[in-house]
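In what follows, a single structure is set out as structure tokens and then discussed.
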Amino acid sequence: MDSSIATLASRFRVCSVTGLKIDPSAERLIKFNAVVAVVCFLLGASAALGLVLTRWQTVHLLSAQMYYRFLTLHGLNMLIFFIIFFEMAVLYFAGPVLLNGRLPAPKMGWLAFALMVIGAVMVNTMVFKGQADVLFTSYPPLRASPWYYLGIILFAVGALIVTFLFLASLHYAKKEKTYEGSLPLVTFGALTADIIAIITLVHGALIYIPAYLWSLDLISLDPQVYRLIFWALGHSSQQINVAAMVSVWYLLAGLTVGGVVLNEKVSRTAFVLYILFISMASAHHLLVDPGMGPAWKIWNTSYAMYLAVLASLIHGFTVPAGIEMGQRLRGFTRGKFEWLRKAPWSDPGFSGLVLSVIIFGFMGGITGVTLGTEQINIMAHNTLRIPGHFHVTVVGGTALAFMAVTYYVLPLIFQRRVAFWSLAKYQPWVFGIGISVMAMGMSFMGGFGAPRRHWDIGATGAPFALEFHPAVNVLQAVMGIGGVIAVTGALMFILIAVVSVFFGKKCTADSIAQKLPGIPQGILALPTQVHSGGLVGRVHREGTPGTVILTIIFFISFVVYYFINWKLLTFLWRIG
Amino acid sequence: MSAEMHSGLVSPKGVWWLPAGPQERRWIKLSFAWCMVLFAMMPLWHLKGGQNPSGIRSTVAPADFLARTERFISEYKVGEEKGFPVVEPPPGADVYLLARMWQWTPVLKLKKDVEYTLHLSSADVNHGFSLFPINVNIQVIPGYDYALRVTPNKAGDFRVICNEFCGIGHHIMIGKVIVED
């Protein structure tokens, strides 16, 4: 046994930056999953350009049929394929790599990868062939080809295998004592993402297997029951994203500025709250559905008294506070904001992290909790306020965090210097600002009653004329321009990632020593990851005054936005 | 307070179940209190507020809902517009609005400040009832009758947009509601 571990260990590559021993089979799986993720992202981003230029009705690029086809393509490739392939890479990284361990049963990893690729290809083929114009949600009785449902099932089974491989890698790392003490917080966060992923994927099976049988006319399927279980997949998969994204935040904070964990107990408890309460969140998709009553809606939408929201509020403090304290430990102790002013802003890993935290928290979090309130949802359900919200959570939050971490994954895992380095410095800004502007345009249009998933709000050919407030024309341009900027940022990322991976210059210990371009500052000089001594006591006593101010501003914005929405609600008809 | 601090990449050694710092504790307490406010607002609005998606909820076969809508139309029809029956129900009546690819039937003529019970259902796929421009949005699902007690608070000429994707003609699915003083 010992000798077999020794032979395994001799295969490992020792990372010259972090000193971590890296199992080559885990490394290869990280690479392949990440590359396929980027391919799916390219498909999704190309579709996005068509969509945003269609909804900006001055341009109105696509035909109705192509619009809905592109919308299906966009939703599936972004929300499912891109993000889950990337999360598989995160799991292979946070398990075997961060724990200095090995990947057990790498062949299962390749089987899972094959299933996921086959599934994704099947689904995309059906969409391209026009046999699945049912959008991401595929609510029955809208019907797609059986191959479509089967493709999703294969993809989900593949992902499920990876979630169990991750658990196995944790088990073996513990058994083989590859690390001392408890799991690092980043791995712990990935573990919560993994557990949420298992719950989510089981729900996926529970709904897509019946949907597949229904598409073959073998059974009947109740549309309301479908919506209920579908969202246990559809929304919970966004909770995998949240848990994975927060783990990536902690990871990037550590890599870029030596951000510390203020308190392990607090951060870990917050992650556990996600597991316990977040799967209920899917209920907020059904707040104005006929199948459930108010008690069910209130209990479930409040995620059991908002304990999952509490978890996000906690991370919303501990992540920036960890960054602040890390910076203070590096000597940036003057005033309340020297730590922020003197941060490595030209490192896309850092700027992407900060933008992701701000966009997710300020815009995504506040709108999400507010729109997910039972009564306020009456003013928001299926309007453009909804995509306005989730483009600043999943895209401005999760996707941007994943882009930021890619700037570290390229040198550390792919061992390539980042290509077009001067472009990379701007990429998070272009993408983050573009997506925020687009989301604001969408949200305000939704406030004027503009529906989501709608080819023509001019309603050409409808029996009754539909005339929106003139401001909606301006907002369409805001959405359109923001969207084009965001797609530009996405294409910049794809260009940088693809060229780095396939044509990038080698990143070796030498190139790091020579400080060659294309290597983020956190890798050129890895910030201290463990601090001890007198400084720790002093910095800890001083606390994080800058973060306190930022979180108070956040809190006030939240309260104001929330109650403005209640006020707006009182102007509607009485409904009960 | 520990004498050591580390990043999230490092395995914490020994006991890390330690009390949080004062700033963290204060933030958690504030956040928890806010979460309770968020939670309490919903039941409170059911007691004090005027807009709740409670309704009277039941299942109905699409054919039955179609029959109820047709009966409703023949009882209270007052005219026609663009080929759609215009229906003016008496105050307090059960009002039926049928969604199907790709129209809302019938056109409704309601009175301001009068309560009606508005029944929504679909004859085919999912649809979305979106009352324009006041932005009231309700999911419409085949097989389910969502009956909401509604009281229009302003006279005017309203539209019903379909805001759940229902196929290629989704964007022409525009209905009409007239509210008179």
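How things are named: the first chain in the structure tokens is A, the next is B, and so on; residues count from 1 in each chain; ligands count from 1 in the order shown.
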Task: Distance filter 6 Å, only C-alpha atoms, chain A against chain B, as JSON, numbers by chain - done: {"A": [141, 181, 182, 183, 184, 185, 186, 250, 254, 259, 260, 261, 263, 265, 288, 289, 290, 294, 302, 305, 306, 375, 378, 379, 381, 382, 449, 451, 456, 459, 461, 462, 529, 530, 531, 532, 573, 574, 575, 576]}
Task: All residues 10 Å or closer to Val59 (chain A), only C-alpha atoms, same chain fewer than 4 positions away omitted, as number ranges by chain - done: A: 52-55, 477, 480
Please save N, CA, C and O atoms of the selected residues as a PDB file, in the first residue's frame.
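For reference, selection.pdb as written:
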ATOM      1  N   VAL A  52     -29.446  40.244 -27.662  1.00  0.00           N
ATOM      2  CA  VAL A  52     -29.504  41.622 -27.194  1.00  0.00           C
ATOM      3  C   VAL A  52     -29.763  42.560 -28.379  1.00  0.00           C
ATOM      4  O   VAL A  52     -30.457  43.576 -28.247  1.00  0.00           O
ATOM      5  N   LEU A  53     -29.262  42.176 -29.559  1.00  0.00           N
ATOM      6  CA  LEU A  53     -29.501  43.011 -30.736  1.00  0.00           C
ATOM      7  C   LEU A  53     -30.894  42.772 -31.322  1.00  0.00           C
ATOM      8  O   LEU A  53     -31.307  43.459 -32.238  1.00  0.00           O
ATOM      9  N   THR A  54     -31.610  41.790 -30.818  1.00  0.00           N
ATOM     10  CA  THR A  54     -32.995  41.619 -31.236  1.00  0.00           C
ATOM     11  C   THR A  54     -33.927  42.375 -30.297  1.00  0.00           C
ATOM     12  O   THR A  54     -34.859  43.051 -30.723  1.00  0.00           O
ATOM     13  N   ARG A  55     -33.625  42.279 -28.986  1.00  0.00           N
ATOM     14  CA  ARG A  55     -34.497  42.953 -28.025  1.00  0.00           C
ATOM     15  C   ARG A  55     -34.332  44.467 -28.071  1.00  0.00           C
ATOM     16  O   ARG A  55     -35.222  45.205 -27.655  1.00  0.00           O
ATOM     17  N   ALA A 477     -31.942  50.881 -25.594  1.00  0.00           N
ATOM     18  CA  ALA A 477     -30.600  51.213 -26.082  1.00  0.00           C
ATOM     19  C   ALA A 477     -29.568  50.974 -24.981  1.00  0.00           C
ATOM     20  O   ALA A 477     -28.474  50.460 -25.239  1.00  0.00           O
ATOM     21  N   GLY A 480     -29.086  47.354 -24.856  1.00  0.00           N
ATOM     22  CA  GLY A 480     -28.389  46.900 -26.058  1.00  0.00           C
ATOM     23  C   GLY A 480     -26.905  47.252 -26.022  1.00  0.00           C
ATOM     24  O   GLY A 480     -26.050  46.401 -26.282  1.00  0.00           O
TER      25      GLY A 480
END
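The coordinates place CA of Ala419 (chain A) at 9.9 Å from CA of Tyr407 (chain A).
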Contacts of region 425-442 of chain A at 7 Å (only C-alpha atoms; same-chain gap of 5+ positions) as a compact mmCIF listing (two decimals) with all heavy atoms, in the first residue's frame:
# COMPACT_ATOMS: atom_id res chain seq x y z
N SER A 346 -4.30 46.41 -11.18
CA SER A 346 -3.97 46.03 -12.56
C SER A 346 -3.89 44.51 -12.71
O SER A 346 -3.63 44.01 -13.80
CB SER A 346 -2.65 46.67 -12.97
OG SER A 346 -1.63 46.20 -12.12
N ASP A 347 -4.14 43.78 -11.61
CA ASP A 347 -4.19 42.32 -11.68
C ASP A 347 -5.64 41.91 -11.97
O ASP A 347 -6.52 42.16 -11.14
CB ASP A 347 -3.71 41.76 -10.33
CG ASP A 347 -3.86 40.25 -10.24
OD1 ASP A 347 -4.35 39.64 -11.21
OD2 ASP A 347 -3.50 39.69 -9.20
N PRO A 348 -5.91 41.33 -13.16
CA PRO A 348 -7.31 41.00 -13.47
C PRO A 348 -7.90 39.99 -12.48
O PRO A 348 -9.12 39.93 -12.31
CB PRO A 348 -7.24 40.43 -14.89
CG PRO A 348 -5.82 40.03 -15.09
CD PRO A 348 -4.98 40.94 -14.23
N SER A 351 -9.05 42.60 -9.73
CA SER A 351 -10.16 43.48 -10.14
C SER A 351 -11.41 42.65 -10.42
O SER A 351 -12.52 43.05 -10.08
CB SER A 351 -9.77 44.32 -11.35
OG SER A 351 -9.45 43.49 -12.45
N GLY A 352 -11.22 41.46 -11.01
CA GLY A 352 -12.37 40.59 -11.27
C GLY A 352 -13.03 40.15 -9.98
O GLY A 352 -14.26 40.11 -9.87
N LEU A 355 -14.94 43.25 -8.50
CA LEU A 355 -16.15 43.55 -9.28
C LEU A 355 -17.20 42.48 -9.07
O LEU A 355 -18.39 42.77 -8.95
CB LEU A 355 -15.79 43.65 -10.78
CG LEU A 355 -15.01 44.91 -11.16
CD1 LEU A 355 -14.49 44.80 -12.59
CD2 LEU A 355 -15.91 46.13 -11.03
N LEU A 384 -38.83 41.70 -17.51
CA LEU A 384 -37.39 41.81 -17.72
C LEU A 384 -36.63 42.10 -16.43
O LEU A 384 -35.40 42.08 -16.41
CB LEU A 384 -37.09 42.91 -18.75
CG LEU A 384 -37.02 42.44 -20.21
CD1 LEU A 384 -36.85 43.64 -21.14
CD2 LEU A 384 -35.88 41.46 -20.43
N ARG A 385 -37.37 42.37 -15.33
CA ARG A 385 -36.67 42.55 -14.05
C ARG A 385 -35.97 41.25 -13.65
O ARG A 385 -34.96 41.29 -12.96
CB ARG A 385 -37.66 42.94 -12.95
CG ARG A 385 -38.24 44.32 -13.11
CD ARG A 385 -39.13 44.69 -11.94
NE ARG A 385 -38.34 45.14 -10.79
CZ ARG A 385 -38.89 45.52 -9.63
NH1 ARG A 385 -40.20 45.48 -9.47
NH2 ARG A 385 -38.13 45.93 -8.64
N GLY A 388 -32.85 40.81 -15.57
CA GLY A 388 -32.05 41.93 -15.07
C GLY A 388 -31.37 41.54 -13.76
O GLY A 388 -30.23 41.90 -13.50
N HIS A 389 -32.09 40.79 -12.95
CA HIS A 389 -31.51 40.32 -11.68
C HIS A 389 -30.45 39.24 -11.91
O HIS A 389 -29.33 39.34 -11.44
CB HIS A 389 -32.62 39.79 -10.76
CG HIS A 389 -32.17 38.70 -9.83
ND1 HIS A 389 -31.34 38.94 -8.76
CD2 HIS A 389 -32.39 37.37 -9.83
CE1 HIS A 389 -31.09 37.80 -8.14
NE2 HIS A 389 -31.70 36.83 -8.77
N HIS A 391 -28.68 38.29 -14.39
CA HIS A 391 -27.43 38.57 -15.12
C HIS A 391 -26.40 39.27 -14.23
O HIS A 391 -25.22 39.30 -14.58
CB HIS A 391 -27.71 39.39 -16.38
CG HIS A 391 -28.20 38.54 -17.53
ND1 HIS A 391 -29.52 38.26 -17.73
CD2 HIS A 391 -27.52 37.88 -18.49
CE1 HIS A 391 -29.65 37.48 -18.78
NE2 HIS A 391 -28.45 37.22 -19.27
N VAL A 392 -26.83 39.82 -13.11
CA VAL A 392 -25.83 40.37 -12.19
C VAL A 392 -25.49 39.39 -11.06
O VAL A 392 -24.63 39.67 -10.25
CB VAL A 392 -26.23 41.75 -11.62
CG1 VAL A 392 -25.87 42.84 -12.61
CG2 VAL A 392 -27.70 41.81 -11.27
N GLY A 396 -22.48 38.63 -13.79
CA GLY A 396 -21.60 39.61 -13.16
C GLY A 396 -20.95 39.07 -11.89
O GLY A 396 -19.89 39.51 -11.49
N LEU A 400 -17.94 36.14 -13.76
CA LEU A 400 -16.81 37.06 -13.62
C LEU A 400 -15.78 36.50 -12.62
O LEU A 400 -14.56 36.61 -12.85
CB LEU A 400 -17.30 38.44 -13.19
CG LEU A 400 -16.27 39.56 -13.14
CD1 LEU A 400 -15.45 39.65 -14.41
CD2 LEU A 400 -16.95 40.90 -12.88
N LEU A 475 -34.24 52.87 -22.65
CA LEU A 475 -33.75 51.74 -21.85
C LEU A 475 -33.33 50.57 -22.74
O LEU A 475 -32.39 49.85 -22.43
CB LEU A 475 -34.83 51.30 -20.86
CG LEU A 475 -35.10 52.30 -19.73
CD1 LEU A 475 -36.36 51.92 -18.96
CD2 LEU A 475 -33.90 52.39 -18.78
N GLN A 476 -34.05 50.41 -23.86
CA GLN A 476 -33.64 49.36 -24.80
C GLN A 476 -32.24 49.61 -25.33
O GLN A 476 -31.44 48.68 -25.46
CB GLN A 476 -34.59 49.31 -26.00
CG GLN A 476 -35.92 48.68 -25.69
CD GLN A 476 -36.77 48.58 -26.94
OE1 GLN A 476 -36.26 48.43 -28.04
NE2 GLN A 476 -38.06 48.66 -26.76
N VAL A 478 -29.93 51.31 -23.73
CA VAL A 478 -29.02 51.07 -22.60
C VAL A 478 -28.73 49.58 -22.50
O VAL A 478 -27.57 49.15 -22.41
CB VAL A 478 -29.66 51.58 -21.28
CG1 VAL A 478 -28.82 51.15 -20.08
CG2 VAL A 478 -29.79 53.10 -21.31
N MET A 479 -29.80 48.78 -22.56
CA MET A 479 -29.64 47.33 -22.50
C MET A 479 -28.79 46.84 -23.68
O MET A 479 -27.87 46.03 -23.50
CB MET A 479 -31.02 46.65 -22.55
CG MET A 479 -30.98 45.15 -22.64
SD MET A 479 -32.62 44.46 -22.97
CE MET A 479 -32.92 45.06 -24.63
N GLY A 480 -29.09 47.35 -24.86
CA GLY A 480 -28.39 46.90 -26.06
C GLY A 480 -26.90 47.25 -26.02
O GLY A 480 -26.05 46.40 -26.28
N GLY A 482 -25.08 48.08 -23.34
CA GLY A 482 -24.47 47.32 -22.25
C GLY A 482 -24.21 45.89 -22.67
O GLY A 482 -23.14 45.32 -22.40
N GLY A 483 -25.18 45.29 -23.36
CA GLY A 483 -25.04 43.90 -23.80
C GLY A 483 -23.89 43.74 -24.78
O GLY A 483 -23.11 42.78 -24.68
N ILE A 485 -21.25 45.62 -25.00
CA ILE A 485 -20.00 45.77 -24.24
C ILE A 485 -19.70 44.47 -23.49
O ILE A 485 -18.56 43.99 -23.48
CB ILE A 485 -20.10 46.96 -23.26
CG1 ILE A 485 -20.26 48.28 -24.03
CG2 ILE A 485 -18.85 47.03 -22.38
CD1 ILE A 485 -20.55 49.49 -23.16
N ALA A 486 -20.73 43.89 -22.87
CA ALA A 486 -20.52 42.65 -22.11
C ALA A 486 -20.04 41.53 -23.03
O ALA A 486 -19.13 40.78 -22.68
CB ALA A 486 -21.81 42.24 -21.40
N GLY A 489 -16.50 42.00 -23.75
CA GLY A 489 -15.69 41.52 -22.63
C GLY A 489 -15.60 40.01 -22.60
O GLY A 489 -14.55 39.44 -22.30
N ALA A 490 -16.70 39.35 -22.95
CA ALA A 490 -16.71 37.88 -22.98
C ALA A 490 -15.78 37.36 -24.07
O ALA A 490 -15.01 36.42 -23.86
CB ALA A 490 -18.14 37.38 -23.21
N MET A 492 -13.25 38.95 -25.37
CA MET A 492 -11.87 39.22 -24.94
C MET A 492 -11.37 38.07 -24.06
O MET A 492 -10.26 37.57 -24.23
CB MET A 492 -11.81 40.53 -24.12
CG MET A 492 -11.83 41.80 -24.93
SD MET A 492 -12.25 43.26 -23.91
CE MET A 492 -10.72 43.53 -23.03
N PHE A 493 -12.24 37.65 -23.13
CA PHE A 493 -11.86 36.56 -22.23
C PHE A 493 -11.59 35.27 -23.01
O PHE A 493 -10.59 34.59 -22.80
CB PHE A 493 -12.97 36.33 -21.19
CG PHE A 493 -12.78 35.08 -20.40
CD1 PHE A 493 -11.84 35.02 -19.37
CD2 PHE A 493 -13.51 33.93 -20.67
CE1 PHE A 493 -11.63 33.87 -18.64
CE2 PHE A 493 -13.31 32.76 -19.95
CZ PHE A 493 -12.38 32.73 -18.93
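Pairwise distance (CA of Gly151 (chain A), CA of Thr125 (chain A)) equals 9.7 Å.
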Task: Every residue of chain B that DSSP places in helix (DSSP H, G or I), as a ChimeraX atom specification - done: /B:22-48,62-76,170-172
With C-alpha atoms retained, export the selected residues as a PDB file, in the first residue's frame.
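Below you can see again-v6.pdb, which holds the result:
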ATOM      1  CA  PRO B  22     -16.860  42.275  17.663  1.00  0.00           C
ATOM      2  CA  GLN B  23     -17.376  43.775  14.172  1.00  0.00           C
ATOM      3  CA  GLU B  24     -18.322  40.426  12.700  1.00  0.00           C
ATOM      4  CA  ARG B  25     -20.682  39.698  15.586  1.00  0.00           C
ATOM      5  CA  ARG B  26     -22.417  43.040  15.157  1.00  0.00           C
ATOM      6  CA  TRP B  27     -22.841  42.508  11.406  1.00  0.00           C
ATOM      7  CA  ILE B  28     -24.286  39.029  11.920  1.00  0.00           C
ATOM      8  CA  LYS B  29     -26.789  40.315  14.488  1.00  0.00           C
ATOM      9  CA  LEU B  30     -27.838  43.159  12.194  1.00  0.00           C
ATOM     10  CA  SER B  31     -28.163  40.772   9.246  1.00  0.00           C
ATOM     11  CA  PHE B  32     -30.206  38.300  11.249  1.00  0.00           C
ATOM     12  CA  ALA B  33     -32.553  41.036  12.441  1.00  0.00           C
ATOM     13  CA  TRP B  34     -32.974  42.188   8.823  1.00  0.00           C
ATOM     14  CA  CYS B  35     -33.726  38.637   7.701  1.00  0.00           C
ATOM     15  CA  MET B  36     -36.496  38.518  10.298  1.00  0.00           C
ATOM     16  CA  VAL B  37     -37.924  41.755   8.905  1.00  0.00           C
ATOM     17  CA  LEU B  38     -37.825  40.262   5.387  1.00  0.00           C
ATOM     18  CA  PHE B  39     -39.634  37.199   6.700  1.00  0.00           C
ATOM     19  CA  ALA B  40     -42.249  39.095   8.711  1.00  0.00           C
ATOM     20  CA  MET B  41     -43.224  41.432   5.871  1.00  0.00           C
ATOM     21  CA  MET B  42     -44.907  38.665   3.876  1.00  0.00           C
ATOM     22  CA  PRO B  43     -47.411  37.391   6.479  1.00  0.00           C
ATOM     23  CA  LEU B  44     -47.910  40.992   7.593  1.00  0.00           C
ATOM     24  CA  TRP B  45     -48.921  42.023   4.073  1.00  0.00           C
ATOM     25  CA  HIS B  46     -51.493  39.233   4.030  1.00  0.00           C
ATOM     26  CA  LEU B  47     -53.036  40.838   7.121  1.00  0.00           C
ATOM     27  CA  LYS B  48     -52.624  44.522   6.287  1.00  0.00           C
ATOM     28  CA  PRO B  62     -58.905  22.565 -19.944  1.00  0.00           C
ATOM     29  CA  ALA B  63     -62.158  21.580 -21.694  1.00  0.00           C
ATOM     30  CA  ASP B  64     -64.184  22.489 -18.584  1.00  0.00           C
ATOM     31  CA  PHE B  65     -62.497  25.860 -18.283  1.00  0.00           C
ATOM     32  CA  LEU B  66     -63.216  26.482 -21.954  1.00  0.00           C
ATOM     33  CA  ALA B  67     -66.886  25.622 -21.360  1.00  0.00           C
ATOM     34  CA  ARG B  68     -67.064  27.953 -18.329  1.00  0.00           C
ATOM     35  CA  THR B  69     -65.509  30.772 -20.354  1.00  0.00           C
ATOM     36  CA  GLU B  70     -67.990  30.238 -23.187  1.00  0.00           C
ATOM     37  CA  ARG B  71     -70.911  30.275 -20.756  1.00  0.00           C
ATOM     38  CA  PHE B  72     -69.551  33.453 -19.174  1.00  0.00           C
ATOM     39  CA  ILE B  73     -69.251  35.083 -22.604  1.00  0.00           C
ATOM     40  CA  SER B  74     -72.761  34.165 -23.719  1.00  0.00           C
ATOM     41  CA  GLU B  75     -74.248  35.451 -20.436  1.00  0.00           C
ATOM     42  CA  TYR B  76     -72.636  38.881 -20.363  1.00  0.00           C
ATOM     43  CA  HIS B 170     -46.102  34.546 -28.305  1.00  0.00           C
ATOM     44  CA  HIS B 171     -45.604  38.226 -29.130  1.00  0.00           C
ATOM     45  CA  ILE B 172     -49.007  38.708 -30.772  1.00  0.00           C
TER      46      ILE B 172
END
Task: Surrounding residues of Leu79 (chain A) excluding itself and chain neighbours under 3 positions, 10 Å, only C-alpha atoms, as a ChimeraX atom specification - done: /A:41,44,74-76,82-84,136,234,237-238,241,394-395,399
Using only C-alpha atoms, please write the residues we just selected to a file, as an mmCIF file, in the first residue's frame.
data_model
loop_
_atom_site.group_PDB
_atom_site.id
_atom_site.type_symbol
_atom_site.label_atom_id
_atom_site.label_comp_id
_atom_site.auth_asym_id
_atom_site.auth_seq_id
_atom_site.Cartn_x
_atom_site.Cartn_y
_atom_site.Cartn_z
ATOM 1 C CA PHE A 41 -19.235 29.974 -23.149
ATOM 2 C CA GLY A 44 -23.607 31.162 -25.268
ATOM 3 C CA HIS A 74 -27.957 30.850 -24.718
ATOM 4 C CA GLY A 75 -29.715 29.650 -21.561
ATOM 5 C CA LEU A 76 -28.505 26.072 -21.789
ATOM 6 C CA PHE A 82 -20.393 26.487 -19.275
ATOM 7 C CA ILE A 83 -20.932 26.867 -15.594
ATOM 8 C CA ILE A 84 -21.097 23.188 -14.664
ATOM 9 C CA PHE A 136 -34.049 26.607 -21.040
ATOM 10 C CA GLY A 234 -33.016 25.055 -12.216
ATOM 11 C CA SER A 237 -28.000 24.798 -9.792
ATOM 12 C CA GLN A 238 -27.622 28.529 -9.261
ATOM 13 C CA ASN A 241 -22.799 28.569 -8.487
ATOM 14 C CA VAL A 394 -24.768 34.413 -12.391
ATOM 15 C CA VAL A 395 -22.922 36.528 -14.944
ATOM 16 C CA ALA A 399 -18.971 34.049 -14.430
#
- [ ] Identify, on the basis of only C-alpha atoms, every residue whose closest approach to Ile519 (chain A) does not exceed 12 Å; exclude the query and any residue fewer than 5 positions from it along the same chain; express the result as a ChimeraX atom specification.
- [x] /A:17,256,346-349,406-412,415-422,424-425,500,504-514,524-526
